[in-house]
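Trainee: Got a structure here, written out as structure tokens. Questions coming.
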Amino acid sequence: MADFHQNGNIATLHNLRTTSLEAMTHELVTFAQTRKISLILPSLFSELEGEALPKIIDELSQVPYLNRIVIGLDRADADQYRHARAFFARLPQDHVVIWNDSPRQKELGERLKKLGLYTEEPGKGKNVWGCLGYLMARQDSAVVAIHDCDIVTYHREMLARLVYPVANPSFPYQVAKGYYPRIGEGKINGRVTRLLVSPLLIALKRVIGDRDYLDYLRSFRYPLSGEFAMRTGILPDLRIPSDWGLEIGVLSEAWRNLAPKSVCQVEISDAYDHKHQDLSVEDASTGLSRMSTDICKAIFRKLAADGTVFTTHVFRTLKATYYRTALDLLDCYYNDAKMNGLSIDRHREERSIELFADNIMRAGSIFLDNPSETPFIPTWNRVHAADPDLMRDMLNAVAADRAEFA
């Protein structure tokens, strides 16, 4: 049973198991009559062949309150796009597959490139950004939810609980962030949150001093969850990273643009597991190694934008402070696991901490060596100002792809 913990920065909405899915769904159907709700699924083609996505689609097929489902498809050729269209065809809701690698989408990318607004680096953030642009161009949704396509324990109640806080017109929330315990197969999971983000935020507070932004991030029980919902009115001014820093980037934008009372976290599941990334010790461009670097860069960029001065000496001190803090927290995780009959591989956990410590320095070096780097994808407001026809042409490109590759 969840408690009634509140941190004083953002609202925490718990799952007390006192409301049925049927009752919540009935309310959402009522809300959706005047506040249409849509869902974005950023997907790699490879996820269509995994164990998670087929179940997710089966569950979503039973959701009556969704106005539209937008699937952003990455790393697919023409035949794979056709296969994806057939794969998602069983969804009864209005849905569309955006083939991000299509010639028409690439042509739109060239137009943005000429305007200096194109992001070369592919990734989840860029995929979500494109889907948000499509959804804004349709102009018929008041609420949008986003979640990952690799949740092996997915149930439609997760979506209901995620969108409810922003779909309910009597609630003040503009952004809702999902959270959940990360346990599975008798182990404590969630390595990047437990072993990187939590000790890094503690270390940053010790090294650079108190920052309201750090207290804000520490308020989230699972800041790296890929599940969040937003009212669409905030989307045109949303600046997000194109890489693995997406989740931190969205939280940072909520911090910058909204009052704390407009942001909440909501418990969406008590049994969550997803496809686990490799640590990727030998290749910094993949797996948790790249993810940890991108997350660190996102946090450093936001702090710098708020006036924090970083130097090589600061990053060296931060690395040492982080390393000691992470090892201390590891003792807590080990004891917590032991008390609850769960296991932790301490050797594996300490290897992760060592990698993350190195990647704090790596992210710091990238940050210092590239002062002119543009950290965010341009807002859709800026894109529309630079090329007022692009959003309309995006709709036409998606429709043309759909007709040509039927």
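We label chains A, B, ... in the order they appear in the structure tokens, count residues from 1 in each chain, and number ligands from 1 in the order shown.
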Write out as JSON, numbers by chain each polymer residue whose atoms come within 6 Å of region 151-154 of chain A, counting only C-alpha atoms; drop sequence neighbours fewer than 3 positions from it.

Mentor: {"A": [52, 56, 272, 273, 274]}

Trainee: Region 390-402 of chain A: which residues within 12 Å, counting only C-alpha atoms, same-chain residues fewer than 5 positions away excluded, as a ChimeraX atom specification?

Mentor: /A:70-73,78,81-82,84-86,95-112,115,130-139,236,380-385

Trainee: Using only C-alpha atoms for the distances, tell me which of A:Glu47, A:Asp358, A:Glu227, A:Glu121 is nearest to Ala145 (chain A).

Mentor: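 Of the candidates, the smallest distance to Ala145 (chain A) is held by A:Glu227.
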
Trainee: Check the DSSP output for the backbone and give back, as a PyMOL selection string, the residues of region 120-367 of chain A in helix (DSSP H, G or I).

Mentor: chain A and resi 124-138+156-167+191-208+212-218+232-237+246-257+260-262+287-305+312-339+346-367

Trainee: Report as an MDAnalysis selection string: the residues of region 92-293 of chain A with a DSSP assignment of strand (DSSP E or B), based on the backbone of this structure.

Mentor: chainID A and resid 94:99 143:146 151 175:179 183:184 187:188 228:231 240 263:267 274

Trainee: Would you put the residues from that selection into a file with N, CA and C atoms, as a PDB file, in the first residue's frame?

Mentor:
```pdb
ATOM      1  N   ASP A  94      -8.106   5.778 -34.427  1.00  0.00           N
ATOM      2  CA  ASP A  94      -7.415   6.466 -35.506  1.00  0.00           C
ATOM      3  C   ASP A  94      -5.923   6.446 -35.181  1.00  0.00           C
ATOM      4  N   HIS A  95      -5.111   5.976 -36.102  1.00  0.00           N
ATOM      5  CA  HIS A  95      -3.679   5.885 -35.834  1.00  0.00           C
ATOM      6  C   HIS A  95      -2.895   6.119 -37.128  1.00  0.00           C
ATOM      7  N   VAL A  96      -1.645   6.513 -36.947  1.00  0.00           N
ATOM      8  CA  VAL A  96      -0.794   6.782 -38.095  1.00  0.00           C
ATOM      9  C   VAL A  96       0.629   6.360 -37.754  1.00  0.00           C
ATOM     10  N   VAL A  97       1.332   5.799 -38.734  1.00  0.00           N
ATOM     11  CA  VAL A  97       2.739   5.458 -38.589  1.00  0.00           C
ATOM     12  C   VAL A  97       3.542   6.477 -39.393  1.00  0.00           C
ATOM     13  N   ILE A  98       4.368   7.249 -38.694  1.00  0.00           N
ATOM     14  CA  ILE A  98       5.241   8.215 -39.363  1.00  0.00           C
ATOM     15  C   ILE A  98       6.568   7.528 -39.663  1.00  0.00           C
ATOM     16  N   TRP A  99       6.855   7.344 -40.946  1.00  0.00           N
ATOM     17  CA  TRP A  99       8.102   6.693 -41.368  1.00  0.00           C
ATOM     18  C   TRP A  99       9.188   7.766 -41.407  1.00  0.00           C
ATOM     19  N   VAL A 143      -4.714  16.711 -24.833  1.00  0.00           N
ATOM     20  CA  VAL A 143      -3.796  15.986 -23.950  1.00  0.00           C
ATOM     21  C   VAL A 143      -3.015  14.991 -24.795  1.00  0.00           C
ATOM     22  N   VAL A 144      -1.722  14.882 -24.522  1.00  0.00           N
ATOM     23  CA  VAL A 144      -0.905  13.876 -25.198  1.00  0.00           C
ATOM     24  C   VAL A 144      -0.107  13.104 -24.156  1.00  0.00           C
ATOM     25  N   ALA A 145      -0.084  11.799 -24.316  1.00  0.00           N
ATOM     26  CA  ALA A 145       0.731  10.932 -23.473  1.00  0.00           C
ATOM     27  C   ALA A 145       1.843  10.327 -24.321  1.00  0.00           C
ATOM     28  N   ILE A 146       2.941  10.014 -23.683  1.00  0.00           N
ATOM     29  CA  ILE A 146       4.079   9.378 -24.354  1.00  0.00           C
ATOM     30  C   ILE A 146       4.569   8.257 -23.464  1.00  0.00           C
ATOM     31  N   ILE A 151       7.953  -1.988 -22.762  1.00  0.00           N
ATOM     32  CA  ILE A 151       7.467  -2.326 -21.424  1.00  0.00           C
ATOM     33  C   ILE A 151       6.885  -3.739 -21.452  1.00  0.00           C
ATOM     34  N   VAL A 175       1.656  18.884 -16.641  1.00  0.00           N
ATOM     35  CA  VAL A 175       2.572  17.786 -16.924  1.00  0.00           C
ATOM     36  C   VAL A 175       2.430  16.741 -15.821  1.00  0.00           C
ATOM     37  N   ALA A 176       2.346  15.481 -16.216  1.00  0.00           N
ATOM     38  CA  ALA A 176       2.329  14.364 -15.269  1.00  0.00           C
ATOM     39  C   ALA A 176       3.443  13.399 -15.633  1.00  0.00           C
ATOM     40  N   LYS A 177       4.237  13.037 -14.658  1.00  0.00           N
ATOM     41  CA  LYS A 177       5.360  12.107 -14.845  1.00  0.00           C
ATOM     42  C   LYS A 177       5.040  10.798 -14.151  1.00  0.00           C
ATOM     43  N   GLY A 178       5.145   9.690 -14.868  1.00  0.00           N
ATOM     44  CA  GLY A 178       4.863   8.397 -14.263  1.00  0.00           C
ATOM     45  C   GLY A 178       6.025   7.900 -13.415  1.00  0.00           C
ATOM     46  N   TYR A 179       5.708   7.188 -12.331  1.00  0.00           N
ATOM     47  CA  TYR A 179       6.753   6.517 -11.556  1.00  0.00           C
ATOM     48  C   TYR A 179       6.239   5.159 -11.096  1.00  0.00           C
ATOM     49  N   ILE A 183      11.457  -3.479  -9.936  1.00  0.00           N
ATOM     50  CA  ILE A 183      11.912  -4.795  -9.498  1.00  0.00           C
ATOM     51  C   ILE A 183      11.442  -5.829 -10.509  1.00  0.00           C
ATOM     52  N   GLY A 184      12.212  -6.908 -10.654  1.00  0.00           N
ATOM     53  CA  GLY A 184      11.847  -7.979 -11.574  1.00  0.00           C
ATOM     54  C   GLY A 184      12.812  -9.138 -11.459  1.00  0.00           C
ATOM     55  N   LYS A 187      15.165  -9.158  -8.507  1.00  0.00           N
ATOM     56  CA  LYS A 187      16.261  -8.188  -8.446  1.00  0.00           C
ATOM     57  C   LYS A 187      15.707  -6.767  -8.412  1.00  0.00           C
ATOM     58  N   ILE A 188      16.537  -5.852  -7.881  1.00  0.00           N
ATOM     59  CA  ILE A 188      16.243  -4.429  -7.985  1.00  0.00           C
ATOM     60  C   ILE A 188      16.838  -3.917  -9.296  1.00  0.00           C
ATOM     61  N   PHE A 228       5.163  10.001 -19.645  1.00  0.00           N
ATOM     62  CA  PHE A 228       4.676  11.282 -19.163  1.00  0.00           C
ATOM     63  C   PHE A 228       3.524  11.747 -20.042  1.00  0.00           C
ATOM     64  N   ALA A 229       2.703  12.625 -19.482  1.00  0.00           N
ATOM     65  CA  ALA A 229       1.552  13.175 -20.191  1.00  0.00           C
ATOM     66  C   ALA A 229       1.568  14.685 -20.035  1.00  0.00           C
ATOM     67  N   MET A 230       1.067  15.388 -21.060  1.00  0.00           N
ATOM     68  CA  MET A 230       1.094  16.857 -21.055  1.00  0.00           C
ATOM     69  C   MET A 230      -0.165  17.395 -21.702  1.00  0.00           C
ATOM     70  N   ARG A 231      -0.576  18.569 -21.265  1.00  0.00           N
ATOM     71  CA  ARG A 231      -1.586  19.313 -21.995  1.00  0.00           C
ATOM     72  C   ARG A 231      -0.916  19.970 -23.201  1.00  0.00           C
ATOM     73  N   ILE A 240      13.461  20.255 -26.333  1.00  0.00           N
ATOM     74  CA  ILE A 240      13.881  18.950 -25.838  1.00  0.00           C
ATOM     75  C   ILE A 240      15.176  18.517 -26.519  1.00  0.00           C
ATOM     76  N   VAL A 263       2.896  20.716 -12.061  1.00  0.00           N
ATOM     77  CA  VAL A 263       3.619  19.490 -12.363  1.00  0.00           C
ATOM     78  C   VAL A 263       3.327  18.458 -11.271  1.00  0.00           C
ATOM     79  N   CYS A 264       3.112  17.222 -11.665  1.00  0.00           N
ATOM     80  CA  CYS A 264       2.903  16.158 -10.689  1.00  0.00           C
ATOM     81  C   CYS A 264       3.611  14.890 -11.143  1.00  0.00           C
ATOM     82  N   GLN A 265       3.809  13.990 -10.202  1.00  0.00           N
ATOM     83  CA  GLN A 265       4.231  12.632 -10.531  1.00  0.00           C
ATOM     84  C   GLN A 265       3.137  11.693 -10.050  1.00  0.00           C
ATOM     85  N   VAL A 266       2.899  10.643 -10.833  1.00  0.00           N
ATOM     86  CA  VAL A 266       1.788   9.754 -10.531  1.00  0.00           C
ATOM     87  C   VAL A 266       2.261   8.308 -10.593  1.00  0.00           C
ATOM     88  N   GLU A 267       1.880   7.538  -9.600  1.00  0.00           N
ATOM     89  CA  GLU A 267       2.247   6.125  -9.543  1.00  0.00           C
ATOM     90  C   GLU A 267       1.365   5.355 -10.512  1.00  0.00           C
ATOM     91  N   HIS A 274      11.019  -3.551 -18.248  1.00  0.00           N
ATOM     92  CA  HIS A 274      11.178  -3.302 -19.674  1.00  0.00           C
ATOM     93  C   HIS A 274      12.494  -3.912 -20.141  1.00  0.00           C
TER      94      HIS A 274
END
```

Trainee: Name all residues at most 10 Å from Val314 (chain A) (count only C-alpha atoms; drop same-chain ones fewer than 6 positions away) and give them as a PyMOL selection string.

Mentor: chain A and resi 204+207-208+361+364

Trainee: For Pro122 (chain A), please output as an mmCIF file with all heavy atoms, in the first residue's frame all residues within 12 Å (counting only C-alpha atoms; exclusion window: fewer than 2 positions along the same chain).

Mentor:
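Heads up, here's the output in result.cif:
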```cif
data_model
loop_
_atom_site.group_PDB
_atom_site.id
_atom_site.type_symbol
_atom_site.label_atom_id
_atom_site.label_comp_id
_atom_site.auth_asym_id
_atom_site.auth_seq_id
_atom_site.Cartn_x
_atom_site.Cartn_y
_atom_site.Cartn_z
ATOM 1 N N LEU A 44 11.418 1.888 -32.498
ATOM 2 C CA LEU A 44 12.365 1.338 -33.459
ATOM 3 C C LEU A 44 11.696 0.163 -34.159
ATOM 4 O O LEU A 44 10.881 -0.554 -33.559
ATOM 5 C CB LEU A 44 13.636 0.857 -32.751
ATOM 6 C CG LEU A 44 14.436 1.893 -31.970
ATOM 7 C CD1 LEU A 44 15.553 1.203 -31.189
ATOM 8 C CD2 LEU A 44 15.012 2.938 -32.902
ATOM 9 N N LEU A 73 8.236 5.839 -36.359
ATOM 10 C CA LEU A 73 9.002 4.642 -36.713
ATOM 11 C C LEU A 73 10.404 5.019 -37.159
ATOM 12 O O LEU A 73 10.587 5.692 -38.176
ATOM 13 C CB LEU A 73 8.290 3.869 -37.822
ATOM 14 C CG LEU A 73 8.938 2.557 -38.257
ATOM 15 C CD1 LEU A 73 8.901 1.520 -37.134
ATOM 16 C CD2 LEU A 73 8.267 2.001 -39.515
ATOM 17 N N ASP A 74 11.401 4.561 -36.413
ATOM 18 C CA ASP A 74 12.809 4.810 -36.733
ATOM 19 C C ASP A 74 13.474 3.551 -37.268
ATOM 20 O O ASP A 74 13.066 2.420 -36.948
ATOM 21 C CB ASP A 74 13.565 5.266 -35.485
ATOM 22 C CG ASP A 74 13.530 6.779 -35.302
ATOM 23 O OD1 ASP A 74 13.166 7.484 -36.255
ATOM 24 O OD2 ASP A 74 13.849 7.258 -34.201
ATOM 25 N N ARG A 75 14.531 3.755 -38.075
ATOM 26 C CA ARG A 75 15.394 2.673 -38.570
ATOM 27 C C ARG A 75 14.600 1.615 -39.326
ATOM 28 O O ARG A 75 14.638 0.430 -39.010
ATOM 29 C CB ARG A 75 16.163 2.022 -37.411
ATOM 30 C CG ARG A 75 17.040 2.996 -36.642
ATOM 31 C CD ARG A 75 17.842 2.285 -35.565
ATOM 32 N NE ARG A 75 18.468 3.232 -34.662
ATOM 33 C CZ ARG A 75 19.151 2.889 -33.578
ATOM 34 N NH1 ARG A 75 19.300 1.613 -33.272
ATOM 35 N NH2 ARG A 75 19.675 3.802 -32.790
ATOM 36 N N ASN A 100 9.963 7.831 -40.353
ATOM 37 C CA ASN A 100 10.939 8.912 -40.210
ATOM 38 C C ASN A 100 12.060 8.863 -41.241
ATOM 39 O O ASN A 100 12.725 9.886 -41.471
ATOM 40 C CB ASN A 100 11.533 8.894 -38.800
ATOM 41 C CG ASN A 100 10.515 9.269 -37.743
ATOM 42 O OD1 ASN A 100 9.635 10.087 -37.965
ATOM 43 N ND2 ASN A 100 10.613 8.654 -36.566
ATOM 44 N N ASP A 101 12.284 7.701 -41.854
ATOM 45 C CA ASP A 101 13.361 7.553 -42.836
ATOM 46 C C ASP A 101 12.855 7.614 -44.271
ATOM 47 O O ASP A 101 13.600 7.272 -45.202
ATOM 48 C CB ASP A 101 14.092 6.222 -42.605
ATOM 49 C CG ASP A 101 14.751 6.161 -41.239
ATOM 50 O OD1 ASP A 101 15.523 7.081 -40.927
ATOM 51 O OD2 ASP A 101 14.490 5.221 -40.475
ATOM 52 N N GLY A 109 13.496 17.375 -43.768
ATOM 53 C CA GLY A 109 14.709 17.599 -42.989
ATOM 54 C C GLY A 109 15.678 18.515 -43.706
ATOM 55 O O GLY A 109 16.335 19.360 -43.079
ATOM 56 N N TYR A 118 17.839 22.030 -38.284
ATOM 57 C CA TYR A 118 17.788 20.567 -38.368
ATOM 58 C C TYR A 118 18.727 19.944 -37.343
ATOM 59 O O TYR A 118 19.840 20.430 -37.114
ATOM 60 C CB TYR A 118 18.184 20.106 -39.767
ATOM 61 C CG TYR A 118 18.032 18.626 -39.992
ATOM 62 C CD1 TYR A 118 16.772 18.049 -40.066
ATOM 63 C CD2 TYR A 118 19.149 17.796 -40.121
ATOM 64 C CE1 TYR A 118 16.618 16.695 -40.281
ATOM 65 C CE2 TYR A 118 19.005 16.432 -40.333
ATOM 66 C CZ TYR A 118 17.741 15.885 -40.409
ATOM 67 O OH TYR A 118 17.599 14.540 -40.612
ATOM 68 N N THR A 119 18.277 18.882 -36.730
ATOM 69 C CA THR A 119 19.093 18.123 -35.791
ATOM 70 C C THR A 119 19.577 16.853 -36.468
ATOM 71 O O THR A 119 18.762 16.000 -36.845
ATOM 72 C CB THR A 119 18.288 17.767 -34.523
ATOM 73 O OG1 THR A 119 17.868 18.979 -33.886
ATOM 74 C CG2 THR A 119 19.130 16.960 -33.555
ATOM 75 N N GLU A 120 20.880 16.734 -36.651
ATOM 76 C CA GLU A 120 21.437 15.575 -37.358
ATOM 77 C C GLU A 120 21.323 14.297 -36.541
ATOM 78 O O GLU A 120 21.101 13.209 -37.070
ATOM 79 C CB GLU A 120 22.915 15.828 -37.683
ATOM 80 C CG GLU A 120 23.152 16.967 -38.674
ATOM 81 C CD GLU A 120 22.869 16.557 -40.110
ATOM 82 O OE1 GLU A 120 22.578 15.368 -40.336
ATOM 83 O OE2 GLU A 120 22.949 17.429 -40.988
ATOM 84 N N LYS A 124 15.623 9.041 -29.674
ATOM 85 C CA LYS A 124 14.253 9.063 -29.164
ATOM 86 C C LYS A 124 13.700 10.484 -29.114
ATOM 87 O O LYS A 124 12.548 10.733 -29.471
ATOM 88 C CB LYS A 124 14.213 8.424 -27.778
ATOM 89 C CG LYS A 124 12.836 8.408 -27.134
ATOM 90 C CD LYS A 124 12.900 7.786 -25.752
ATOM 91 C CE LYS A 124 11.557 7.889 -25.049
ATOM 92 N NZ LYS A 124 11.616 7.358 -23.672
ATOM 93 N N GLY A 125 14.542 11.429 -28.674
ATOM 94 C CA GLY A 125 14.073 12.808 -28.576
ATOM 95 C C GLY A 125 13.632 13.363 -29.915
ATOM 96 O O GLY A 125 12.586 14.023 -30.031
ATOM 97 N N LYS A 126 14.411 13.114 -30.954
ATOM 98 C CA LYS A 126 14.060 13.595 -32.293
ATOM 99 C C LYS A 126 12.790 12.927 -32.793
ATOM 100 O O LYS A 126 11.938 13.562 -33.439
ATOM 101 C CB LYS A 126 15.218 13.325 -33.257
ATOM 102 C CG LYS A 126 15.023 13.908 -34.644
ATOM 103 C CD LYS A 126 16.261 13.664 -35.502
ATOM 104 C CE LYS A 126 16.084 14.212 -36.897
ATOM 105 N NZ LYS A 126 17.265 13.947 -37.747
ATOM 106 N N ASN A 127 12.637 11.656 -32.519
ATOM 107 C CA ASN A 127 11.435 10.918 -32.900
ATOM 108 C C ASN A 127 10.202 11.533 -32.237
ATOM 109 O O ASN A 127 9.196 11.823 -32.891
ATOM 110 C CB ASN A 127 11.599 9.442 -32.499
ATOM 111 C CG ASN A 127 10.531 8.543 -33.093
ATOM 112 O OD1 ASN A 127 9.479 8.994 -33.524
ATOM 113 N ND2 ASN A 127 10.797 7.252 -33.095
ATOM 114 N N VAL A 128 10.289 11.754 -30.928
ATOM 115 C CA VAL A 128 9.165 12.336 -30.191
ATOM 116 C C VAL A 128 8.862 13.736 -30.707
ATOM 117 O O VAL A 128 7.694 14.121 -30.881
ATOM 118 C CB VAL A 128 9.474 12.358 -28.676
ATOM 119 C CG1 VAL A 128 8.456 13.219 -27.929
ATOM 120 C CG2 VAL A 128 9.487 10.943 -28.114
ATOM 121 N N TRP A 129 9.900 14.514 -30.980
ATOM 122 C CA TRP A 129 9.724 15.881 -31.485
ATOM 123 C C TRP A 129 8.920 15.877 -32.782
ATOM 124 O O TRP A 129 8.003 16.690 -32.961
ATOM 125 C CB TRP A 129 11.091 16.519 -31.701
ATOM 126 C CG TRP A 129 11.087 17.903 -32.250
ATOM 127 C CD1 TRP A 129 10.891 19.070 -31.553
ATOM 128 C CD2 TRP A 129 11.297 18.287 -33.618
ATOM 129 N NE1 TRP A 129 10.972 20.153 -32.397
ATOM 130 C CE2 TRP A 129 11.217 19.709 -33.669
ATOM 131 C CE3 TRP A 129 11.552 17.588 -34.777
ATOM 132 C CZ2 TRP A 129 11.383 20.415 -34.849
ATOM 133 C CZ3 TRP A 129 11.714 18.291 -35.977
ATOM 134 C CH2 TRP A 129 11.630 19.684 -35.999
ATOM 135 N N GLY A 130 9.256 14.975 -33.697
ATOM 136 C CA GLY A 130 8.518 14.891 -34.949
ATOM 137 C C GLY A 130 7.067 14.511 -34.736
ATOM 138 O O GLY A 130 6.162 15.073 -35.377
ATOM 139 N N PRO A 241 16.008 17.744 -25.826
ATOM 140 C CA PRO A 241 17.201 17.186 -26.460
ATOM 141 C C PRO A 241 16.809 16.092 -27.443
ATOM 142 O O PRO A 241 15.747 15.472 -27.328
ATOM 143 C CB PRO A 241 17.993 16.601 -25.281
ATOM 144 C CG PRO A 241 17.342 17.143 -24.039
ATOM 145 C CD PRO A 241 15.919 17.410 -24.405
ATOM 146 N N SER A 242 17.685 15.829 -28.397
ATOM 147 C CA SER A 242 17.405 14.787 -29.385
ATOM 148 C C SER A 242 17.865 13.418 -28.919
ATOM 149 O O SER A 242 17.568 12.408 -29.553
ATOM 150 C CB SER A 242 18.107 15.127 -30.712
ATOM 151 O OG SER A 242 19.518 15.128 -30.534
ATOM 152 N N ASP A 243 18.600 13.359 -27.803
ATOM 153 C CA ASP A 243 19.259 12.119 -27.412
ATOM 154 C C ASP A 243 18.581 11.485 -26.199
ATOM 155 O O ASP A 243 17.396 11.702 -25.933
ATOM 156 C CB ASP A 243 20.747 12.383 -27.141
ATOM 157 C CG ASP A 243 20.964 13.523 -26.143
ATOM 158 O OD1 ASP A 243 20.056 13.795 -25.339
ATOM 159 O OD2 ASP A 243 22.048 14.143 -26.176
ATOM 160 N N TRP A 244 19.360 10.722 -25.411
ATOM 161 C CA TRP A 244 18.823 10.034 -24.238
ATOM 162 C C TRP A 244 18.509 10.993 -23.094
ATOM 163 O O TRP A 244 18.018 10.581 -22.047
ATOM 164 C CB TRP A 244 19.816 8.980 -23.755
ATOM 165 C CG TRP A 244 19.882 7.776 -24.617
ATOM 166 C CD1 TRP A 244 20.849 7.464 -25.532
ATOM 167 C CD2 TRP A 244 18.953 6.686 -24.659
ATOM 168 N NE1 TRP A 244 20.578 6.265 -26.132
ATOM 169 C CE2 TRP A 244 19.420 5.758 -25.611
ATOM 170 C CE3 TRP A 244 17.765 6.410 -23.982
ATOM 171 C CZ2 TRP A 244 18.754 4.584 -25.905
ATOM 172 C CZ3 TRP A 244 17.099 5.230 -24.267
ATOM 173 C CH2 TRP A 244 17.588 4.340 -25.219
ATOM 174 N N ILE A 377 16.586 20.587 -29.742
ATOM 175 C CA ILE A 377 15.889 20.703 -31.009
ATOM 176 C C ILE A 377 15.087 22.010 -30.954
ATOM 177 O O ILE A 377 14.516 22.348 -29.920
ATOM 178 C CB ILE A 377 14.949 19.506 -31.215
ATOM 179 C CG1 ILE A 377 15.708 18.183 -31.055
ATOM 180 C CG2 ILE A 377 14.298 19.568 -32.593
ATOM 181 C CD1 ILE A 377 14.816 16.964 -31.103
#
```

Trainee: A:Leu195, A:Pro388, A:Arg239, A:Glu253: which is nearest Leu330 (chain A), counting only C-alpha atoms?

Mentor: A:Leu195

Trainee: Residues near Ile248 (chain A), anyone? I mean within 8 Å using only C-alpha atoms, not counting same-chain ones fewer than 5 positions away, as a PyMOL selection string.

Mentor: chain A and resi 223-224+295+298-299

Trainee: Which is closer to Arg35 (chain A) than all the others in A:Gln80, A:Asn168, A:Asn340, A:Thr379, using only C-alpha atoms?

Mentor: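 Ranking A:Gln80, A:Asn168, A:Asn340, A:Thr379 by distance to Arg35 (chain A), first place goes to A:Asn168.
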
Trainee: For Tyr180 (chain A), work out the shell of residues within 9 Å, counting only C-alpha atoms and skipping chain neighbours fewer than 4 positions away, then give it as a list of chain:residue names.

Mentor: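 In the requested format, the answer is A:Arg221, A:Tyr222, A:Ser225, A:Val266, A:Glu267, A:Ile268, A:Ser269, A:Asp270, A:Ala271, A:Tyr272.
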
Trainee: With distances taken over only C-alpha atoms, which of A:Thr34, A:Asn7, A:Thr293, A:Asn15 is nearest to Asn359 (chain A)?

Mentor: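 Residue with the minimum atom-to-atom distance to Asn359 (chain A): A:Thr293.
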
Trainee: Report the distance between CA of Phe220 (chain A) and CA of Val163 (chain A) in Å, rounded to one decimal place.

Mentor: 17.2 Å

Trainee: To one decimal place, how far is CA of Phe300 (chain A) from CA of Arg351 (chain A) in Å?

Mentor: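 Atom-to-atom, CA of Phe300 (chain A) and CA of Arg351 (chain A) are spaced 23.3 Å apart.
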
Trainee: Restricting the calculation to only C-alpha atoms: of A:Ile10, A:Ala304, A:Ile202, A:Leu214, which residue gets closest to Phe367 (chain A)?

Mentor: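 Under the stated criterion, the closest residue is A:Ala304.
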
Trainee: Smallest atom-to-atom distance to Ile344 (chain A): which of A:Asp306, A:Asn189, A:Pro165, A:Pro92, using only C-alpha atoms?

Mentor: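 Residue with the minimum atom-to-atom distance to Ile344 (chain A): A:Asn189.
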